[in-house]
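coords.pdb follows (PDB, C-alpha atoms):
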ATOM      1  CA  MET A   1      87.842 116.531 103.711
ATOM      2  CA  LYS A   2      84.447 117.744 104.888
ATOM      3  CA  GLN A   3      81.512 116.586 102.759
ATOM      4  CA  TYR A   4      78.514 118.727 101.935
ATOM      5  CA  PRO A   5      75.465 117.737 103.995
ATOM      6  CA  SER A   6      72.363 116.301 102.404
ATOM      7  CA  VAL A   7      69.648 118.921 101.847
ATOM      8  CA  SER A   8      66.175 117.827 102.946
ATOM      9  CA  PRO A   9      63.436 117.757 100.275
ATOM     10  CA  SER A  10      60.372 119.705 101.389
ATOM     11  CA  TYR A  11      57.544 117.201 101.347
ATOM     12  CA  GLY A  12      55.832 114.812 103.742
ATOM     13  CA  THR A  13      57.391 114.490 107.188
ATOM     14  CA  ASN A  14      60.580 116.222 105.960
ATOM     15  CA  PHE A  15      58.820 119.584 105.670
ATOM     16  CA  PHE A  16      59.557 122.395 108.113
ATOM     17  CA  GLU A  17      58.939 126.148 108.036
ATOM     18  CA  PHE A  18      61.664 128.766 108.407
ATOM     19  CA  LYS A  19      62.758 132.178 107.138
ATOM     20  CA  ALA A  20      64.883 131.284 104.130
ATOM     21  CA  HIS A  21      67.391 132.988 101.910
ATOM     22  CA  VAL A  22      66.512 131.328  98.607
ATOM     23  CA  PHE A  23      68.927 130.494  95.794
ATOM     24  CA  ASP A  24      68.465 128.928  92.372
ATOM     25  CA  LYS A  25      69.381 125.213  92.383
ATOM     26  CA  LEU A  26      71.723 124.295  89.548
ATOM     27  CA  ASP A  27      71.564 120.848  87.981
ATOM     28  CA  GLY A  28      75.081 119.424  88.019
ATOM     29  CA  GLN A  29      77.543 117.645  90.296
ATOM     30  CA  ASN A  30      78.792 118.679  93.724
ATOM     31  CA  ILE A  31      82.528 119.473  93.780
ATOM     32  CA  ARG A  32      84.623 120.403  96.844
ATOM     33  CA  VAL A  33      88.123 121.857  96.953
ATOM     34  CA  GLU A  34      90.295 122.339 100.042
ATOM     35  CA  TRP A  35      92.619 125.332 100.364
ATOM     36  CA  ASP A  36      95.464 125.924 102.812
ATOM     37  CA  LYS A  37      97.227 129.275 103.289
ATOM     38  CA  LYS A  38     100.678 127.653 103.078
ATOM     39  CA  LYS A  39     100.006 124.888 100.538
ATOM     40  CA  GLY A  40      97.311 126.347  98.305
ATOM     41  CA  PHE A  41      94.666 124.046  96.802
ATOM     42  CA  THR A  42      95.516 120.632  98.166
ATOM     43  CA  LYS A  43      92.517 118.329  97.709
ATOM     44  CA  PHE A  44      89.737 117.860  95.180
ATOM     45  CA  GLY A  45      86.615 115.801  95.708
ATOM     46  CA  SER A  46      83.170 115.007  94.410
ATOM     47  CA  ARG A  47      80.367 114.732  96.930
ATOM     48  CA  HIS A  48      81.471 111.284  98.096
ATOM     49  CA  ARG A  49      85.135 110.755  97.123
ATOM     50  CA  LEU A  50      88.440 112.437  96.414
ATOM     51  CA  PHE A  51      89.906 112.532  92.892
ATOM     52  CA  ASP A  52      92.965 113.676  90.922
ATOM     53  CA  LYS A  53      93.663 114.565  87.287
ATOM     54  CA  SER A  54      93.720 110.905  86.257
ATOM     55  CA  ASP A  55      90.128 110.322  87.348
ATOM     56  CA  LEU A  56      87.954 109.350  84.361
ATOM     57  CA  ASP A  57      84.834 111.042  85.726
ATOM     58  CA  PHE A  58      86.139 114.145  87.476
ATOM     59  CA  GLY A  59      89.705 114.639  86.246
ATOM     60  CA  PRO A  60      88.720 117.488  83.842
ATOM     61  CA  VAL A  61      87.394 119.496  86.795
ATOM     62  CA  ILE A  62      90.907 120.237  88.084
ATOM     63  CA  PRO A  63      92.314 122.081  85.030
ATOM     64  CA  LEU A  64      88.967 123.876  84.615
ATOM     65  CA  PHE A  65      89.152 125.008  88.238
ATOM     66  CA  MET A  66      92.790 126.080  88.032
ATOM     67  CA  GLU A  67      92.286 127.987  84.782
ATOM     68  CA  THR A  68      89.017 129.757  85.578
ATOM     69  CA  ILE A  69      88.480 130.344  89.287
ATOM     70  CA  SER A  70      91.454 129.343  91.459
ATOM     71  CA  CYS A  71      93.247 132.713  91.411
ATOM     72  CA  LYS A  72      90.118 134.650  92.310
ATOM     73  CA  LEU A  73      89.260 132.287  95.161
ATOM     74  CA  GLU A  74      92.779 132.460  96.547
ATOM     75  CA  TYR A  75      92.594 136.260  96.460
ATOM     76  CA  LEU A  76      89.275 136.187  98.366
ATOM     77  CA  PHE A  77      90.599 133.733 100.954
ATOM     78  CA  LYS A  78      93.660 135.878 101.663
ATOM     79  CA  LYS A  79      91.605 139.074 101.676
ATOM     80  CA  ASN A  80      89.296 137.584 104.300
ATOM     81  CA  LYS A  81      92.198 136.174 106.359
ATOM     82  CA  VAL A  82      91.233 132.530 105.855
ATOM     83  CA  HIS A  83      93.879 130.037 106.994
ATOM     84  CA  LYS A  84      92.183 126.872 105.779
ATOM     85  CA  GLY A  85      88.876 126.255 104.086
ATOM     86  CA  ILE A  86      86.718 124.238 101.731
ATOM     87  CA  VAL A  87      84.739 125.731  98.888
ATOM     88  CA  PHE A  88      81.761 123.875  97.401
ATOM     89  CA  MET A  89      80.824 124.267  93.747
ATOM     90  CA  GLU A  90      78.415 122.954  91.158
ATOM     91  CA  TYR A  91      80.035 121.474  88.036
ATOM     92  CA  TRP A  92      77.504 121.928  85.246
ATOM     93  CA  GLY A  93      76.707 123.044  81.710
ATOM     94  CA  ASP A  94      73.634 124.372  79.923
ATOM     95  CA  LYS A  95      72.762 120.845  78.752
ATOM     96  CA  SER A  96      73.467 119.073  82.065
ATOM     97  CA  PHE A  97      70.541 117.137  83.507
ATOM     98  CA  ALA A  98      70.284 115.068  86.686
ATOM     99  CA  GLY A  99      74.039 115.313  87.162
ATOM    100  CA  ARG A 100      74.702 113.958  83.657
ATOM    101  CA  HIS A 101      76.651 116.018  81.129
ATOM    102  CA  GLN A 102      76.899 116.277  77.361
ATOM    103  CA  PRO A 103      80.518 115.949  76.096
ATOM    104  CA  ASP A 104      80.226 118.909  73.698
ATOM    105  CA  ASP A 105      78.607 121.203  76.288
ATOM    106  CA  PRO A 106      81.013 123.738  77.890
ATOM    107  CA  LYS A 107      81.176 123.244  81.676
ATOM    108  CA  ARG A 108      81.529 125.818  84.427
ATOM    109  CA  LEU A 109      82.036 125.882  88.177
ATOM    110  CA  THR A 110      79.574 127.830  90.316
ATOM    111  CA  VAL A 111      80.398 128.440  93.987
ATOM    112  CA  PHE A 112      77.416 127.777  96.267
ATOM    113  CA  ASP A 113      78.895 127.419  99.774
ATOM    114  CA  ALA A 114      82.081 127.449 101.859
ATOM    115  CA  CYS A 115      83.389 126.731 105.348
ATOM    116  CA  PHE A 116      86.561 128.166 106.883
ATOM    117  CA  ASP A 117      88.927 127.428 109.763
ATOM    118  CA  ASN A 118      86.630 124.870 111.406
ATOM    119  CA  ARG A 119      83.982 127.561 111.974
ATOM    120  CA  GLY A 120      81.256 125.777 110.051
ATOM    121  CA  PHE A 121      79.427 126.939 106.941
ATOM    122  CA  LEU A 122      79.005 130.601 106.147
ATOM    123  CA  SER A 123      75.631 132.193 106.718
ATOM    124  CA  PRO A 124      73.784 133.018 103.476
ATOM    125  CA  GLN A 125      74.434 136.708 104.151
ATOM    126  CA  ASP A 126      78.180 136.203 104.670
ATOM    127  CA  PHE A 127      78.367 133.939 101.630
ATOM    128  CA  ARG A 128      76.810 136.605  99.428
ATOM    129  CA  LYS A 129      78.993 139.337 100.881
ATOM    130  CA  MET A 130      82.177 137.389 100.176
ATOM    131  CA  PHE A 131      81.476 135.714  96.840
ATOM    132  CA  GLU A 132      78.611 137.401  95.001
ATOM    133  CA  GLY A 133      79.905 139.552  92.163
ATOM    134  CA  GLU A 134      83.406 138.125  92.579
ATOM    135  CA  VAL A 135      82.905 134.594  91.198
ATOM    136  CA  ASP A 136      79.987 132.784  89.602
ATOM    137  CA  THR A 137      77.327 132.013  92.255
ATOM    138  CA  PRO A 138      73.737 130.742  92.038
ATOM    139  CA  LYS A 139      71.187 133.479  91.482
ATOM    140  CA  TYR A 140      69.823 134.871  94.751
ATOM    141  CA  LEU A 141      66.017 134.907  94.561
ATOM    142  CA  GLY A 142      65.170 136.649  97.829
ATOM    143  CA  HIS A 143      64.199 136.190 101.482
ATOM    144  CA  TYR A 144      60.999 134.132 101.817
ATOM    145  CA  ASN A 145      58.864 132.382 104.376
ATOM    146  CA  TRP A 146      59.543 128.738 103.518
ATOM    147  CA  THR A 147      55.967 127.487 103.770
ATOM    148  CA  ARG A 148      54.050 124.743 102.010
ATOM    149  CA  GLY A 149      52.542 127.477  99.866
ATOM    150  CA  PHE A 150      55.991 128.667  98.797
ATOM    151  CA  VAL A 151      57.131 125.121  98.000
ATOM    152  CA  ASP A 152      53.952 124.622  95.965
ATOM    153  CA  ALA A 153      54.682 127.835  94.034
ATOM    154  CA  VAL A 154      58.147 126.470  93.187
ATOM    155  CA  PHE A 155      56.567 123.182  92.104
ATOM    156  CA  LYS A 156      54.156 124.997  89.786
ATOM    157  CA  GLY A 157      56.893 127.178  88.312
ATOM    158  CA  GLU A 158      55.508 130.401  89.790
ATOM    159  CA  ILE A 159      58.837 131.485  91.310
ATOM    160  CA  VAL A 160      60.683 133.333  88.566
ATOM    161  CA  ASP A 161      64.353 133.097  87.549
ATOM    162  CA  ILE A 162      64.746 129.390  88.336
ATOM    163  CA  THR A 163      66.930 127.653  85.767
ATOM    164  CA  PHE A 164      64.924 124.405  85.804
ATOM    165  CA  GLU A 165      65.460 122.097  88.763
ATOM    166  CA  GLY A 166      64.211 124.203  91.673
ATOM    167  CA  VAL A 167      65.529 126.154  94.650
ATOM    168  CA  VAL A 168      67.485 125.791  97.895
ATOM    169  CA  GLY A 169      66.542 127.706 101.033
ATOM    170  CA  LYS A 170      69.164 128.465 103.717
ATOM    171  CA  ALA A 171      69.297 130.105 107.132
ATOM    172  CA  LYS A 172      71.893 130.144 109.884
ATOM    173  CA  GLU A 173      70.466 129.934 113.384
ATOM    174  CA  ARG A 174      71.870 131.766 116.401
ATOM    175  CA  GLY A 175      73.590 128.595 117.577
ATOM    176  CA  GLY A 176      75.570 128.514 114.347
ATOM    177  CA  GLU A 177      73.747 125.635 112.658
ATOM    178  CA  LEU A 178      73.044 126.051 108.947
ATOM    179  CA  ILE A 179      69.548 124.811 108.126
ATOM    180  CA  MET A 180      68.632 124.033 104.525
ATOM    181  CA  ALA A 181      65.755 122.708 102.464
ATOM    182  CA  LYS A 182      65.132 122.223  98.755
ATOM    183  CA  ALA A 183      62.087 122.323  96.506
ATOM    184  CA  LYS A 184      61.839 121.020  92.948
ATOM    185  CA  THR A 185      59.748 122.072  89.968
ATOM    186  CA  GLN A 186      57.099 119.825  88.460
ATOM    187  CA  LYS A 187      58.781 120.103  85.047
ATOM    188  CA  TRP A 188      62.072 118.770  86.430
ATOM    189  CA  LEU A 189      60.375 115.954  88.343
ATOM    190  CA  ASP A 190      58.347 114.958  85.264
ATOM    191  CA  ALA A 191      61.493 114.929  83.122
ATOM    192  CA  ILE A 192      63.252 112.675  85.650
ATOM    193  CA  LYS A 193      60.343 110.221  85.704
ATOM    194  CA  THR A 194      60.193 110.186  81.898
ATOM    195  CA  ARG A 195      63.901 109.558  81.281
ATOM    196  CA  PHE A 196      64.783 107.096  84.057
ATOM    197  CA  ASP A 197      63.414 103.884  85.522
ATOM    198  CA  ALA A 198      61.417 104.186  88.736
ATOM    199  CA  LYS A 199      64.245 103.230  91.122
ATOM    200  CA  THR A 200      66.776 105.565  89.505
ATOM    201  CA  ALA A 201      64.227 108.370  89.343
ATOM    202  CA  GLU A 202      63.470 108.056  93.071
ATOM    203  CA  THR A 203      67.180 108.171  93.902
ATOM    204  CA  LEU A 204      67.738 111.275  91.747
ATOM    205  CA  ILE A 205      64.693 113.069  93.123
ATOM    206  CA  ASN A 206      65.903 112.563  96.697
ATOM    207  CA  SER A 207      69.592 113.270  96.023
TER     208      SER A 207
END

Spit out the file's structure as structure tokens when you get a sec.
Amino acid sequence: MKQYPSVSPSYGTNFFEFKAHVFDKLDGQNIRVEWDKKKGFTKFGSRHRLFDKSDLDFGPVIPLFMETISCKLEYLFKKNKVHKGIVFMEYWGDKSFAGRHQPDDPKRLTVFDACFDNRGFLSPQDFRKMFEGEVDTPKYLGHYNWTRGFVDAVFKGEIVDITFEGVVGKAKERGGELIMAKAKTQKWLDAIKTRFDAKTAETLINS
């Protein structure tokens, strides 16, 4: 099953400018689910591995998905004449931090991307048209010039309506390639450095 690509952090030599559709970045875990027109939802995975209901870490995701969002997604897939696709979601709660969850904190699944019938990822515009208002999606913050000044404004907390971690910018080029970049807030970065050792903090910041 297709994995979600790594999103480049916008600093140092990784930085590049582009016209970006910007979305709030939720602080949870990446979940992917494969759907087939004939078989329904057939595979579940985290960012790096598949899992089933018996999985100690991700098993609870499956009943949550089936009970809260599966029927709506299946309706949208059929409505848009999808034969096979993968939907990508964030598994998170209000108290989640750095992909860690609190047991007593209710979790939800927020759809942030999808790819269908081997056509690649949806453009940000097509994603919004299909999913926004139908299922839970990250808040759309607007169309911005992704410059060092914009990234610095995110870092300083000057971009409003960010939950905490930061933002993701997306654009689909004429050749069909989806380009993406992310920017984090100083508050989130400081919290990571305070709560984790240096090696773990570096890994989380770049994940």

Query - 12 Å contact set for Gly149 in chain A, all atoms listed in the file, chain neighbours under 4 positions out, as a PyMOL selection string - result: chain A and resi 10-11+15-17+144-145+153-156+158-159+183

Written file, previous selection with C-alpha atoms, as a CSV table (one decimal), keeping the file's coordinate frame:
chain,number,residue,atom,x,y,z
A,10,SER,CA,60.4,119.7,101.4
A,11,TYR,CA,57.5,117.2,101.3
A,15,PHE,CA,58.8,119.6,105.7
A,16,PHE,CA,59.6,122.4,108.1
A,17,GLU,CA,58.9,126.1,108.0
A,144,TYR,CA,61.0,134.1,101.8
A,145,ASN,CA,58.9,132.4,104.4
A,153,ALA,CA,54.7,127.8,94.0
A,154,VAL,CA,58.1,126.5,93.2
A,155,PHE,CA,56.6,123.2,92.1
A,156,LYS,CA,54.2,125.0,89.8
A,158,GLU,CA,55.5,130.4,89.8
A,159,ILE,CA,58.8,131.5,91.3
A,183,ALA,CA,62.1,122.3,96.5

Report summary line: Of A:Glu74, A:Glu90, A:Asp136, A:Glu165, the one sitting nearest Asn30 in chain A when using all atoms listed in the file is A:Glu90

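CA of Arg148 in chain A sits 12.0 Å away from CA of Thr13 in chain A.
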
Query raised in the report: For the atom pair CA of Glu177 in chain A and CA of His21 in chain A, what is the interatomic distance in Å to one decimal place?
Result: 14.5 Å

Range 94-199 of chain A residues near range 32-48 of chain A within 12 Å, closest pair each, using all atoms listed in the file, as JSON lines:
{"residue": "A:Gly99", "atom": "CA", "partner": "A:Arg47", "partner_atom": "CA", "distance": 11.7}
{"residue": "A:Leu109", "atom": "CA", "partner": "A:Arg32", "partner_atom": "CA", "distance": 10.6}
{"residue": "A:Thr110", "atom": "CA", "partner": "A:Arg32", "partner_atom": "CA", "distance": 11.1}
{"residue": "A:Val111", "atom": "CA", "partner": "A:Arg32", "partner_atom": "CA", "distance": 9.5}
{"residue": "A:Phe112", "atom": "CA", "partner": "A:Arg32", "partner_atom": "CA", "distance": 10.3}
{"residue": "A:Asp113", "atom": "CA", "partner": "A:Arg32", "partner_atom": "CA", "distance": 9.5}
{"residue": "A:Ala114", "atom": "CA", "partner": "A:Arg32", "partner_atom": "CA", "distance": 9.0}
{"residue": "A:Cys115", "atom": "CA", "partner": "A:Glu34", "partner_atom": "CA", "distance": 9.8}
{"residue": "A:Phe116", "atom": "CA", "partner": "A:Trp35", "partner_atom": "CA", "distance": 9.3}
{"residue": "A:Asp117", "atom": "CA", "partner": "A:Asp36", "partner_atom": "CA", "distance": 9.7}

Using C-alpha atoms, can you write the selected residues to a file as a PDB file, keeping the file's coordinate frame?
ATOM      1  CA  GLY A  99      74.039 115.313  87.162  1.00  0.00           C
ATOM      2  CA  LEU A 109      82.036 125.882  88.177  1.00  0.00           C
ATOM      3  CA  THR A 110      79.574 127.830  90.316  1.00  0.00           C
ATOM      4  CA  VAL A 111      80.398 128.440  93.987  1.00  0.00           C
ATOM      5  CA  PHE A 112      77.416 127.777  96.267  1.00  0.00           C
ATOM      6  CA  ASP A 113      78.895 127.419  99.774  1.00  0.00           C
ATOM      7  CA  ALA A 114      82.081 127.449 101.859  1.00  0.00           C
ATOM      8  CA  CYS A 115      83.389 126.731 105.348  1.00  0.00           C
ATOM      9  CA  PHE A 116      86.561 128.166 106.883  1.00  0.00           C
ATOM     10  CA  ASP A 117      88.927 127.428 109.763  1.00  0.00           C
TER      11      ASP A 117
END

**Report entry** Within 10 Å of Phe97 in chain A using all atoms listed in the file, minus same-chain residues under 4 positions, as a list in words
**Finding:** Leu26, Asp27, Gly28, Gln29, Trp92, Gly93, His101, Gln102, Phe164, Glu165, Trp188, Ala191 and Ile192 of chain A

With 6 Å of padding per side, what axis-aligned box (centre and edge lengths, Å, one decimal) covers all the listed atoms of range 117-126 of chain A? Give it as JSON.
{"center_x": 81.4, "center_y": 130.8, "center_z": 107.7, "size_x": 27.1, "size_y": 23.8, "size_z": 20.5}

Requested in this report: Would you mind reading off the distance between CA of Tyr91 in chain A and CA of Pro63 in chain A, one decimal, in Å?
Outcome: 12.7 Å

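Closest approach to Lys72 in chain A from the set A:Ala20, A:Phe131, A:Ala198, A:Ile31 is made by A:Phe131, with distances taken over only C-alpha atoms.
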
Query raised in the report: Smallest atom-to-atom distance to Val7 in chain A: which of A:Gln186, A:Pro124, A:Met180, A:Lys84, using only C-alpha atoms?
Result: A:Met180

Query - Selected residue of minimal separation from Asp190 in chain A among A:Asp104, A:Glu67, A:Glu202, A:Asp126, counting all atoms listed in the file - result: A:Glu202

Could you add N, CA, C and O atoms to range 5-22 of chain A and give me the result as a short mmCIF file (atom, residue, chain, number, x, y, z; two decimals), in the coordinates of the input?
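Just written: rebuild38.cif:
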data_model
loop_
_atom_site.label_atom_id
_atom_site.label_comp_id
_atom_site.auth_asym_id
_atom_site.auth_seq_id
_atom_site.Cartn_x
_atom_site.Cartn_y
_atom_site.Cartn_z
N PRO A 5 76.59 118.49 103.42
CA PRO A 5 75.46 117.74 104.00
C PRO A 5 74.32 117.57 103.01
O PRO A 5 74.15 118.37 102.08
N SER A 6 73.55 116.52 103.22
CA SER A 6 72.36 116.30 102.40
C SER A 6 71.32 117.37 102.72
O SER A 6 71.13 117.74 103.87
N VAL A 7 70.67 117.89 101.67
CA VAL A 7 69.65 118.92 101.85
C VAL A 7 68.28 118.26 101.81
O VAL A 7 67.95 117.55 100.86
N SER A 8 67.47 118.50 102.83
CA SER A 8 66.18 117.83 102.95
C SER A 8 65.19 118.30 101.88
O SER A 8 65.02 119.51 101.69
N PRO A 9 64.51 117.37 101.19
CA PRO A 9 63.44 117.76 100.28
C PRO A 9 62.22 118.17 101.09
O PRO A 9 61.95 117.60 102.14
N SER A 10 61.49 119.17 100.61
CA SER A 10 60.37 119.70 101.39
C SER A 10 59.04 119.05 101.01
O SER A 10 58.21 119.64 100.30
N TYR A 11 58.85 117.85 101.49
CA TYR A 11 57.54 117.20 101.35
C TYR A 11 57.38 116.18 102.46
O TYR A 11 58.35 115.72 103.07
N GLY A 12 56.12 115.82 102.72
CA GLY A 12 55.83 114.81 103.74
C GLY A 12 56.36 115.22 105.11
O GLY A 12 56.33 116.38 105.51
N THR A 13 56.89 114.24 105.83
CA THR A 13 57.39 114.49 107.19
C THR A 13 58.69 115.28 107.20
O THR A 13 59.13 115.74 108.25
N ASN A 14 59.33 115.45 106.03
CA ASN A 14 60.58 116.22 105.96
C ASN A 14 60.33 117.73 105.98
O ASN A 14 61.27 118.50 106.16
N PHE A 15 59.08 118.15 105.81
CA PHE A 15 58.82 119.58 105.67
C PHE A 15 58.94 120.32 107.00
O PHE A 15 58.53 119.83 108.04
N PHE A 16 59.53 121.51 106.95
CA PHE A 16 59.56 122.40 108.11
C PHE A 16 59.57 123.84 107.61
O PHE A 16 60.08 124.13 106.53
N GLU A 17 59.00 124.74 108.40
CA GLU A 17 58.94 126.15 108.04
C GLU A 17 60.12 126.92 108.63
O GLU A 17 60.54 126.64 109.76
N PHE A 18 60.63 127.88 107.89
CA PHE A 18 61.66 128.77 108.41
C PHE A 18 61.77 129.98 107.49
O PHE A 18 61.21 130.00 106.39
N LYS A 19 62.48 130.99 107.95
CA LYS A 19 62.76 132.18 107.14
C LYS A 19 63.99 131.87 106.30
O LYS A 19 65.08 131.68 106.84
N ALA A 20 63.82 131.81 104.99
CA ALA A 20 64.88 131.28 104.13
C ALA A 20 65.42 132.31 103.15
O ALA A 20 64.66 133.06 102.53
N HIS A 21 66.75 132.32 103.03
CA HIS A 21 67.39 132.99 101.91
C HIS A 21 67.41 131.96 100.77
O HIS A 21 67.98 130.87 100.91
N VAL A 22 66.78 132.31 99.66
CA VAL A 22 66.51 131.33 98.61
C VAL A 22 67.42 131.56 97.40
O VAL A 22 67.55 132.69 96.91
#
